[in-house]
Every structure is written in C-alpha cells, then in structure tokens.
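Student: Sending over coords_39.csv (CSV, C-alpha atoms).
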chain,number,residue,atom,x,y,z
A,1,MET,CA,-9.1,4.4,41.9
A,2,PRO,CA,-9.9,4.9,38.2
A,3,ALA,CA,-10.0,8.6,37.2
A,4,ASN,CA,-13.0,8.2,35.0
A,5,THR,CA,-15.8,5.7,35.3
A,6,SER,CA,-18.2,7.2,32.8
A,7,PRO,CA,-18.0,7.0,29.1
A,8,ILE,CA,-17.3,10.3,27.3
A,9,TYR,CA,-18.4,11.4,23.9
A,10,SER,CA,-17.1,13.8,21.4
A,11,ILE,CA,-18.7,17.2,21.5
A,12,VAL,CA,-18.3,18.3,17.9
A,13,GLY,CA,-17.3,16.8,14.6
A,14,ALA,CA,-13.7,17.2,13.5
A,15,THR,CA,-13.5,16.0,9.9
A,16,ASP,CA,-10.2,16.7,8.3
A,17,SER,CA,-8.4,15.8,5.1
A,18,THR,CA,-4.9,15.7,3.6
A,19,ALA,CA,-6.2,18.2,1.0
A,20,SER,CA,-7.1,20.7,3.6
A,21,ASN,CA,-3.6,20.4,5.0
A,22,ASN,CA,-1.8,20.4,1.7
A,23,SER,CA,-3.2,23.2,-0.4
A,24,GLY,CA,-5.9,21.0,-2.0
A,25,THR,CA,-3.5,18.6,-3.6
A,26,VAL,CA,-4.4,15.0,-4.3
A,27,SER,CA,-2.4,12.6,-2.1
A,28,GLY,CA,-0.4,9.7,-3.6
A,29,PRO,CA,1.9,11.0,-6.4
A,30,THR,CA,4.7,11.4,-3.9
A,31,ALA,CA,5.9,8.1,-2.4
A,32,ASN,CA,7.8,7.8,0.9
A,33,THR,CA,9.0,4.2,1.7
A,34,SER,CA,10.2,5.0,5.2
A,35,LEU,CA,8.6,2.9,8.0
A,36,THR,CA,10.0,5.1,10.8
A,37,GLY,CA,8.2,8.4,10.0
A,38,SER,CA,11.3,10.0,8.5
A,39,GLY,CA,11.0,12.2,5.3
A,40,THR,CA,7.9,14.0,4.2
A,41,LEU,CA,4.7,12.9,5.9
A,42,ILE,CA,1.2,14.1,4.7
A,43,LYS,CA,-0.8,15.5,7.6
A,44,ALA,CA,-4.3,14.1,7.7
A,45,PHE,CA,-5.7,15.1,11.1
A,46,THR,CA,-4.9,17.2,14.2
A,47,ALA,CA,-6.5,16.3,17.5
A,48,GLY,CA,-8.3,19.0,19.5
A,49,ALA,CA,-7.1,20.6,22.6
A,50,ASN,CA,-9.0,18.0,24.7
A,51,GLY,CA,-8.2,15.1,22.4
A,52,SER,CA,-10.3,13.5,19.7
A,53,TYR,CA,-12.0,10.3,18.9
A,54,VAL,CA,-10.9,9.1,15.4
A,55,GLN,CA,-13.4,6.8,13.8
A,56,LYS,CA,-11.8,6.1,10.5
A,57,ILE,CA,-9.8,7.3,7.5
A,58,ARG,CA,-11.5,7.1,4.1
A,59,PHE,CA,-9.7,6.8,0.8
A,60,ARG,CA,-11.6,8.0,-2.3
A,61,PRO,CA,-9.7,7.4,-5.6
A,62,VAL,CA,-9.2,10.5,-7.8
A,63,GLY,CA,-8.6,9.5,-11.4
A,64,SER,CA,-7.0,6.1,-12.0
A,65,PRO,CA,-4.4,5.6,-9.2
A,66,ALA,CA,-2.0,2.7,-9.3
A,67,ALA,CA,-1.9,0.2,-6.6
A,68,THR,CA,0.0,1.1,-3.4
A,69,VAL,CA,0.0,0.9,0.3
A,70,CYS,CA,-0.9,3.8,2.6
A,71,ARG,CA,0.7,4.0,6.0
A,72,VAL,CA,-0.7,5.8,8.9
A,73,PHE,CA,1.5,7.4,11.5
A,74,ILE,CA,0.6,8.8,14.9
A,75,SER,CA,2.7,11.7,16.1
A,76,SER,CA,2.9,13.7,19.3
A,77,SER,CA,4.7,16.5,17.4
A,78,SER,CA,4.5,18.3,14.1
A,79,THR,CA,8.3,17.9,13.8
A,80,THR,CA,7.8,14.1,13.3
A,81,SER,CA,11.1,12.8,14.6
A,82,ALA,CA,11.7,9.1,14.9
A,83,THR,CA,11.0,9.2,18.7
A,84,ASP,CA,7.7,10.9,18.6
A,85,THR,CA,6.2,9.5,15.4
A,86,TRP,CA,5.0,5.9,15.2
A,87,LEU,CA,3.8,3.7,12.4
A,88,TYR,CA,0.3,2.7,13.5
A,89,ASP,CA,-1.4,0.9,10.6
A,90,GLU,CA,-1.4,0.2,6.9
A,91,ILE,CA,-4.0,-0.3,4.2
A,92,THR,CA,-3.6,-1.9,0.8
A,93,LEU,CA,-5.0,0.3,-2.0
A,94,PRO,CA,-5.5,-1.6,-5.3
A,95,ALA,CA,-5.3,-0.1,-8.8
A,96,VAL,CA,-8.5,1.7,-9.7
A,97,THR,CA,-9.7,2.7,-13.2
A,98,VAL,CA,-12.0,5.7,-13.3
A,99,SER,CA,-15.4,5.3,-14.8
A,100,GLN,CA,-18.1,7.7,-15.9
A,101,THR,CA,-20.8,5.1,-15.5
A,102,ALA,CA,-20.0,3.5,-12.2
A,103,ALA,CA,-18.7,4.6,-8.8
A,104,SER,CA,-15.1,3.9,-8.0
A,105,SER,CA,-14.4,1.7,-5.0
A,106,VAL,CA,-13.8,3.5,-1.7
A,107,PHE,CA,-11.5,2.2,0.9
A,108,GLU,CA,-11.8,2.7,4.7
A,109,LEU,CA,-9.3,2.1,7.5
A,110,PRO,CA,-11.2,1.8,10.8
A,111,LEU,CA,-9.3,3.3,13.7
A,112,ASN,CA,-11.7,3.8,16.6
A,113,ILE,CA,-9.1,5.3,18.9
A,114,ALA,CA,-8.9,8.2,21.3
A,115,LEU,CA,-6.1,10.5,20.3
A,116,ASP,CA,-4.2,12.5,22.9
A,117,PRO,CA,-4.7,16.3,22.8
A,118,ASN,CA,-3.0,17.9,19.8
A,119,TYR,CA,-1.6,14.6,18.5
A,120,LEU,CA,-1.5,14.3,14.7
A,121,LEU,CA,-2.2,11.7,12.1
A,122,PHE,CA,0.0,11.5,9.1
A,123,VAL,CA,-0.1,9.3,6.0
A,124,THR,CA,2.5,8.2,3.4
A,125,PHE,CA,2.3,6.1,0.3
A,126,GLY,CA,4.7,3.2,-0.4
A,127,THR,CA,4.7,3.8,-4.2
A,128,SER,CA,3.5,6.6,-6.4
A,129,THR,CA,-0.1,6.5,-7.5
A,130,GLY,CA,0.6,8.4,-10.7
A,131,SER,CA,1.3,11.9,-11.9
A,132,SER,CA,-0.1,15.1,-10.3
A,133,GLY,CA,-3.8,14.9,-9.6
A,134,THR,CA,-4.0,11.1,-9.7
A,135,GLY,CA,-4.2,9.5,-6.3
A,136,TYR,CA,-6.5,9.7,-3.3
A,137,SER,CA,-8.7,12.1,-1.4
A,138,VAL,CA,-7.9,11.1,2.2
A,139,VAL,CA,-10.6,12.2,4.7
A,140,THR,CA,-10.4,11.6,8.4
A,141,ILE,CA,-13.7,11.2,10.3
A,142,ALA,CA,-13.4,12.2,13.9
A,143,GLY,CA,-14.9,14.2,16.7
A,144,ASP,CA,-13.2,16.5,19.3
A,145,TYR,CA,-13.8,15.9,23.0
B,146,MET,CA,0.5,-4.1,-19.8
B,147,ILE,CA,3.8,-2.7,-18.9
B,148,THR,CA,4.1,1.1,-18.3
B,149,TRP,CA,6.7,3.3,-16.8
B,150,PHE,CA,6.4,6.2,-14.5
B,151,ALA,CA,9.1,8.8,-14.7
B,152,ILE,CA,10.0,9.9,-11.1
B,153,VAL,CA,12.1,12.5,-9.4
B,154,PHE,CA,13.7,11.6,-6.0
B,155,ILE,CA,13.9,14.2,-3.2
B,156,ASP,CA,17.6,14.9,-4.1
B,157,ASN,CA,16.4,15.8,-7.7
B,158,SER,CA,17.9,12.7,-9.3
B,159,THR,CA,15.6,10.8,-11.6
B,160,GLY,CA,14.4,7.3,-12.0
B,161,TYR,CA,11.6,5.0,-13.0
B,162,GLN,CA,8.7,3.1,-11.4
B,163,LYS,CA,7.9,0.1,-13.5
B,164,MET,CA,4.2,-0.8,-13.6
B,165,VAL,CA,2.4,-4.0,-14.8
B,166,ASP,CA,-1.4,-3.7,-15.0
B,167,GLY,CA,-1.4,-0.9,-12.5
B,168,ASN,CA,0.8,-2.7,-9.9
B,169,THR,CA,4.4,-1.5,-9.2
B,170,VAL,CA,7.0,-4.2,-9.9
B,171,GLY,CA,10.1,-2.2,-9.3
B,172,VAL,CA,11.6,1.3,-8.6
B,173,TYR,CA,14.8,2.1,-10.3
B,174,ARG,CA,17.5,4.8,-10.4
B,175,ALA,CA,18.0,6.4,-13.8
B,176,ASP,CA,20.9,4.0,-14.5
B,177,GLY,CA,18.7,1.0,-13.9
B,178,THR,CA,19.9,0.3,-10.4
B,179,VAL,CA,17.0,-1.3,-8.6
B,180,ILE,CA,15.9,0.1,-5.2
B,181,SER,CA,15.2,-2.5,-2.5
B,182,SER,CA,11.9,-2.4,-0.8
B,183,GLU,CA,13.9,-2.1,2.4
B,184,GLU,CA,15.4,1.1,1.3
B,185,ALA,CA,13.9,4.4,2.5
B,186,VAL,CA,13.4,6.7,-0.5
B,187,GLU,CA,11.1,9.5,-1.3
B,188,TYR,CA,10.1,10.4,-4.9
B,189,THR,CA,7.3,11.9,-7.0
B,190,CYS,CA,5.9,10.8,-10.3
B,191,ILE,CA,6.1,13.4,-13.0
B,192,ASN,CA,5.0,11.4,-16.0
B,193,ASP,CA,2.8,8.3,-15.7
B,194,ASN,CA,3.2,7.4,-19.3
B,195,ALA,CA,6.9,7.8,-19.8
B,196,PRO,CA,8.9,6.0,-22.5
B,197,ALA,CA,10.7,2.8,-21.4
B,198,PRO,CA,14.3,3.4,-20.3
B,199,ASP,CA,17.1,2.2,-22.7
B,200,TRP,CA,18.2,-0.5,-20.2
B,201,ALA,CA,14.7,-2.0,-19.9
Render the structure in this file as structure tokens.

Tutor:
Amino acid sequence: MPANTSPIYSIVGATDSTASNNSGTVSGPTANTSLTGSGTLIKAFTAGANGSYVQKIRFRPVGSPAATVCRVFISSSSTTSATDTWLYDEITLPAVTVSQTAASSVFELPLNIALDPNYLLFVTFGTSTGSSGTGYSVVTIAGDY
Amino acid sequence: MITWFAIVFIDNSTGYQKMVDGNTVGVYRADGTVISSEEAVEYTCINDNAPAPDWA
C-alpha cells in the first residue's frame, strides 16, 4: 500500500541565497571545475526538518559577469564527500553587460523537486565570472513542508 | 576583444583566464601551461583586466 495518497503542500516559504550563506558575497569569482562535488561548494539552500519543495534557482547578474556554467549539487551532508554529494543539473550563464537604462537578463533553473529533510543544495561555477563583486546573486525559491 | 583575468589557484599559485568577448577560451598556469577542461581545479579571479602574460 502507498504510504501517502494525498498531495502535500509546503507550509511556509523557504527562500535562501548563496549570499546569506557566504557573508553577502557575490557568487562566481571563484571557479571550481570539479564534477564530483569535491573542493569548495557554495551553499544555496538547506531543506527543512520535514523536507522542502524547491521550485527554482534564480541567477541575477551583478555587474558584468563573464560567461560560465553553474552546476547544482544535491548533498545529504554538509561535509560534501563524493559519496553523499551528487551533480544534479547545470545552467549556461552567458556574458552580461551591466546597463543603467535596461534591466539585465535573469536566468532561472527550474527544479520542482522535493528535497529530503536537511538535504542541501550547492552551486559551483565552471569558470570565474570576474573579480570580487562581479558575478551572480543566486536565490533559491522553495517552501518547507 | 581579448582580455585576461589574473587568477589565484587554491594552492596559492597564479595563472590566467583568457577571455574573448566575455567568453573563456582557456585557463592557464603562470608558465602558460594550459589546463584541460577535464582537470578539476579551483581558482579565484583577482584582476579582471590584467596585462597579457609574456608568453601570450
């Protein structure tokens, strides 16, 4: 018999960002080319105690970042070893030139997944987006169960 | 337009990220050794308008 035959909904919003987990720094100047989750990963989201529904990750350019690829990892542990951290998805982020008369393009990676309780989302960038302060504001839109 | 990022690897060695019109076309050690896209490295840009290296 199935354990749950009724749909469930998140009970409270759980928006998070790489800035909130990394002292407000813009993400992207540091590149990590690993595909295994080794090295320094940038935490983007932590699921709640009952799990979370993650709708999407949104990438807002800050300054004029160079083109790169952002990789998203799911991890069951903050220690992020190769056995508990898995490459889940990637998104191409093109070069963006800042404008004071037009909005910069925003990029979104749809996820629409239910994360296990206390699981984490991390991101890395395949190449550097520029010097400090030039990169992306990475915001995760989710809700906790 | 070609530009160069000065970068520092996690072991504090230096290198360059070569850019053409905002797109990365190569990552190099300081001596000009190219880093394969298969190689796992970690580095941070410290200057996104660095002078071109001598070997360029």

Student: I'd like to know which of A:Thr5, A:Thr46, A:Ser99, A:Gln55 is closest to Ser77 of chain A, using all atoms listed in the file.

Tutor: A:Thr46

Student: Please provide as a CSV table (one decimal) with C-alpha atoms, keeping the file's coordinate frame all residues within 12 Å of Ala14 of chain A, with the sequence filter that same-chain residues fewer than 6 positions apart are discarded (counting only C-alpha atoms).

Tutor:
chain,number,residue,atom,x,y,z
A,44,ALA,CA,-4.3,14.1,7.7
A,45,PHE,CA,-5.7,15.1,11.1
A,46,THR,CA,-4.9,17.2,14.2
A,47,ALA,CA,-6.5,16.3,17.5
A,48,GLY,CA,-8.3,19.0,19.5
A,49,ALA,CA,-7.1,20.6,22.6
A,51,GLY,CA,-8.2,15.1,22.4
A,52,SER,CA,-10.3,13.5,19.7
A,53,TYR,CA,-12.0,10.3,18.9
A,54,VAL,CA,-10.9,9.1,15.4
A,55,GLN,CA,-13.4,6.8,13.8
A,56,LYS,CA,-11.8,6.1,10.5
A,139,VAL,CA,-10.6,12.2,4.7
A,140,THR,CA,-10.4,11.6,8.4
A,141,ILE,CA,-13.7,11.2,10.3
A,142,ALA,CA,-13.4,12.2,13.9
A,143,GLY,CA,-14.9,14.2,16.7
A,144,ASP,CA,-13.2,16.5,19.3
A,145,TYR,CA,-13.8,15.9,23.0

Student: Provide as an MDAnalysis selection string the residues of chain A at most 12 Å from chain B, counting only C-alpha atoms.

Tutor: chainID A and resid 27:41 64:69 92:97 124:135

Student: Take the residues from that selection and write them out as a short mmCIF file (atom, residue, chain, number, x, y, z; two decimals), in the coordinates of the input, keeping C-alpha atoms.

Tutor:
data_model
loop_
_atom_site.label_atom_id
_atom_site.label_comp_id
_atom_site.auth_asym_id
_atom_site.auth_seq_id
_atom_site.Cartn_x
_atom_site.Cartn_y
_atom_site.Cartn_z
CA SER A 27 -2.40 12.60 -2.10
CA GLY A 28 -0.40 9.70 -3.60
CA PRO A 29 1.90 11.00 -6.40
CA THR A 30 4.70 11.40 -3.90
CA ALA A 31 5.90 8.10 -2.40
CA ASN A 32 7.80 7.80 0.90
CA THR A 33 9.00 4.20 1.70
CA SER A 34 10.20 5.00 5.20
CA LEU A 35 8.60 2.90 8.00
CA THR A 36 10.00 5.10 10.80
CA GLY A 37 8.20 8.40 10.00
CA SER A 38 11.30 10.00 8.50
CA GLY A 39 11.00 12.20 5.30
CA THR A 40 7.90 14.00 4.20
CA LEU A 41 4.70 12.90 5.90
CA SER A 64 -7.00 6.10 -12.00
CA PRO A 65 -4.40 5.60 -9.20
CA ALA A 66 -2.00 2.70 -9.30
CA ALA A 67 -1.90 0.20 -6.60
CA THR A 68 0.00 1.10 -3.40
CA VAL A 69 0.00 0.90 0.30
CA THR A 92 -3.60 -1.90 0.80
CA LEU A 93 -5.00 0.30 -2.00
CA PRO A 94 -5.50 -1.60 -5.30
CA ALA A 95 -5.30 -0.10 -8.80
CA VAL A 96 -8.50 1.70 -9.70
CA THR A 97 -9.70 2.70 -13.20
CA THR A 124 2.50 8.20 3.40
CA PHE A 125 2.30 6.10 0.30
CA GLY A 126 4.70 3.20 -0.40
CA THR A 127 4.70 3.80 -4.20
CA SER A 128 3.50 6.60 -6.40
CA THR A 129 -0.10 6.50 -7.50
CA GLY A 130 0.60 8.40 -10.70
CA SER A 131 1.30 11.90 -11.90
CA SER A 132 -0.10 15.10 -10.30
CA GLY A 133 -3.80 14.90 -9.60
CA THR A 134 -4.00 11.10 -9.70
CA GLY A 135 -4.20 9.50 -6.30
#

Student: May I ask for the distance between atom CA of Thr25 of chain A and atom CA of Asn50 of chain A, given in Å to one decimal place?

Tutor: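 Spanning atom CA of Thr25 of chain A to atom CA of Asn50 of chain A is a straight-line distance of 28.8 Å.
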
Student: Which residue out of B:Gly160, B:Pro196, B:Ala201, B:Met146 has the minimum interatomic distance to Arg174 of chain B when all atoms listed in the file are used?

Tutor: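 Answer, going by the shortest atom-to-atom distance: B:Gly160.
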
Student: Go ahead and compute the interatomic distance for atom CA of Leu87 of chain A and atom CA of Val12 of chain A, in Å to one decimal.

Tutor: 27.1 Å

Student: Write out as a PyMOL selection string the residues lying within 12 Å of Ser76 of chain A, counting all atoms listed in the file and excluding same-chain residues fewer than 6 positions away.

Tutor: chain A and resi 37+45-47+51+82-86+115-122

Student: For a test of reading the model, state the distance in Å between atom CA of Ile42 of chain A and atom CA of Val123 of chain A, rounded to one decimal.

Tutor: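 These two atoms are separated by 5.1 Å.
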
Student: Hey, which of A:Val72, A:Leu111, A:Val98, A:Met1 ends up closest to Arg60 of chain A? Count only C-alpha atoms.

Tutor: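 Closest candidate: A:Val98.
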
Student: I need segment 42-95 of chain A written out with C-alpha atoms, as a PDB file, in the first residue's frame; please produce it.

Tutor:
ATOM      1  CA  ILE A  42      28.760  27.336  -2.385  1.00  0.00           C
ATOM      2  CA  LYS A  43      25.740  26.527  -0.260  1.00  0.00           C
ATOM      3  CA  ALA A  44      22.490  27.787  -1.776  1.00  0.00           C
ATOM      4  CA  PHE A  45      19.779  26.098   0.263  1.00  0.00           C
ATOM      5  CA  THR A  46      19.140  23.853   3.254  1.00  0.00           C
ATOM      6  CA  ALA A  47      15.951  21.813   3.369  1.00  0.00           C
ATOM      7  CA  GLY A  48      13.788  21.996   6.464  1.00  0.00           C
ATOM      8  CA  ALA A  49      13.391  19.348   9.142  1.00  0.00           C
ATOM      9  CA  ASN A  50      10.437  17.844   7.255  1.00  0.00           C
ATOM     10  CA  GLY A  51      11.938  18.323   3.810  1.00  0.00           C
ATOM     11  CA  SER A  52      11.311  21.115   1.308  1.00  0.00           C
ATOM     12  CA  TYR A  53       9.835  21.642  -2.113  1.00  0.00           C
ATOM     13  CA  VAL A  54      12.342  23.517  -4.272  1.00  0.00           C
ATOM     14  CA  GLN A  55      10.750  25.337  -7.174  1.00  0.00           C
ATOM     15  CA  LYS A  56      13.706  27.010  -8.856  1.00  0.00           C
ATOM     16  CA  ILE A  57      17.063  28.709  -8.570  1.00  0.00           C
ATOM     17  CA  ARG A  58      17.289  32.249  -9.922  1.00  0.00           C
ATOM     18  CA  PHE A  59      20.511  33.857 -11.165  1.00  0.00           C
ATOM     19  CA  ARG A  60      20.589  37.650 -11.167  1.00  0.00           C
ATOM     20  CA  PRO A  61      23.761  39.166 -12.705  1.00  0.00           C
ATOM     21  CA  VAL A  62      25.701  41.582 -10.516  1.00  0.00           C
ATOM     22  CA  GLY A  63      27.930  43.865 -12.576  1.00  0.00           C
ATOM     23  CA  SER A  64      29.116  42.460 -15.904  1.00  0.00           C
ATOM     24  CA  PRO A  65      29.887  38.776 -15.331  1.00  0.00           C
ATOM     25  CA  ALA A  66      31.717  36.702 -17.927  1.00  0.00           C
ATOM     26  CA  ALA A  67      30.042  33.663 -19.428  1.00  0.00           C
ATOM     27  CA  THR A  68      30.216  30.489 -17.363  1.00  0.00           C
ATOM     28  CA  VAL A  69      28.293  27.387 -16.387  1.00  0.00           C
ATOM     29  CA  CYS A  70      26.703  26.962 -12.985  1.00  0.00           C
ATOM     30  CA  ARG A  71      26.464  23.448 -11.587  1.00  0.00           C
ATOM     31  CA  VAL A  72      23.950  22.449  -8.954  1.00  0.00           C
ATOM     32  CA  PHE A  73      24.729  19.683  -6.488  1.00  0.00           C
ATOM     33  CA  ILE A  74      22.409  17.910  -4.067  1.00  0.00           C
ATOM     34  CA  SER A  75      24.045  16.746  -0.879  1.00  0.00           C
ATOM     35  CA  SER A  76      22.844  14.742   2.080  1.00  0.00           C
ATOM     36  CA  SER A  77      25.656  16.159   4.213  1.00  0.00           C
ATOM     37  CA  SER A  78      27.397  19.477   4.763  1.00  0.00           C
ATOM     38  CA  THR A  79      30.704  17.619   4.573  1.00  0.00           C
ATOM     39  CA  THR A  80      30.064  17.125   0.820  1.00  0.00           C
ATOM     40  CA  SER A  81      32.071  13.966   0.218  1.00  0.00           C
ATOM     41  CA  ALA A  82      31.957  12.261  -3.163  1.00  0.00           C
ATOM     42  CA  THR A  83      29.529   9.615  -1.909  1.00  0.00           C
ATOM     43  CA  ASP A  84      26.926  11.990  -0.491  1.00  0.00           C
ATOM     44  CA  THR A  85      27.098  14.860  -2.991  1.00  0.00           C
ATOM     45  CA  TRP A  86      25.671  14.466  -6.461  1.00  0.00           C
ATOM     46  CA  LEU A  87      25.779  16.640  -9.550  1.00  0.00           C
ATOM     47  CA  TYR A  88      22.124  17.308 -10.355  1.00  0.00           C
ATOM     48  CA  ASP A  89      21.941  19.929 -13.067  1.00  0.00           C
ATOM     49  CA  GLU A  90      23.737  22.685 -14.950  1.00  0.00           C
ATOM     50  CA  ILE A  91      22.761  26.010 -16.470  1.00  0.00           C
ATOM     51  CA  THR A  92      24.640  28.053 -19.058  1.00  0.00           C
ATOM     52  CA  LEU A  93      25.095  31.671 -17.990  1.00  0.00           C
ATOM     53  CA  PRO A  94      26.128  33.950 -20.881  1.00  0.00           C
ATOM     54  CA  ALA A  95      28.216  37.093 -20.601  1.00  0.00           C
TER      55      ALA A  95
END
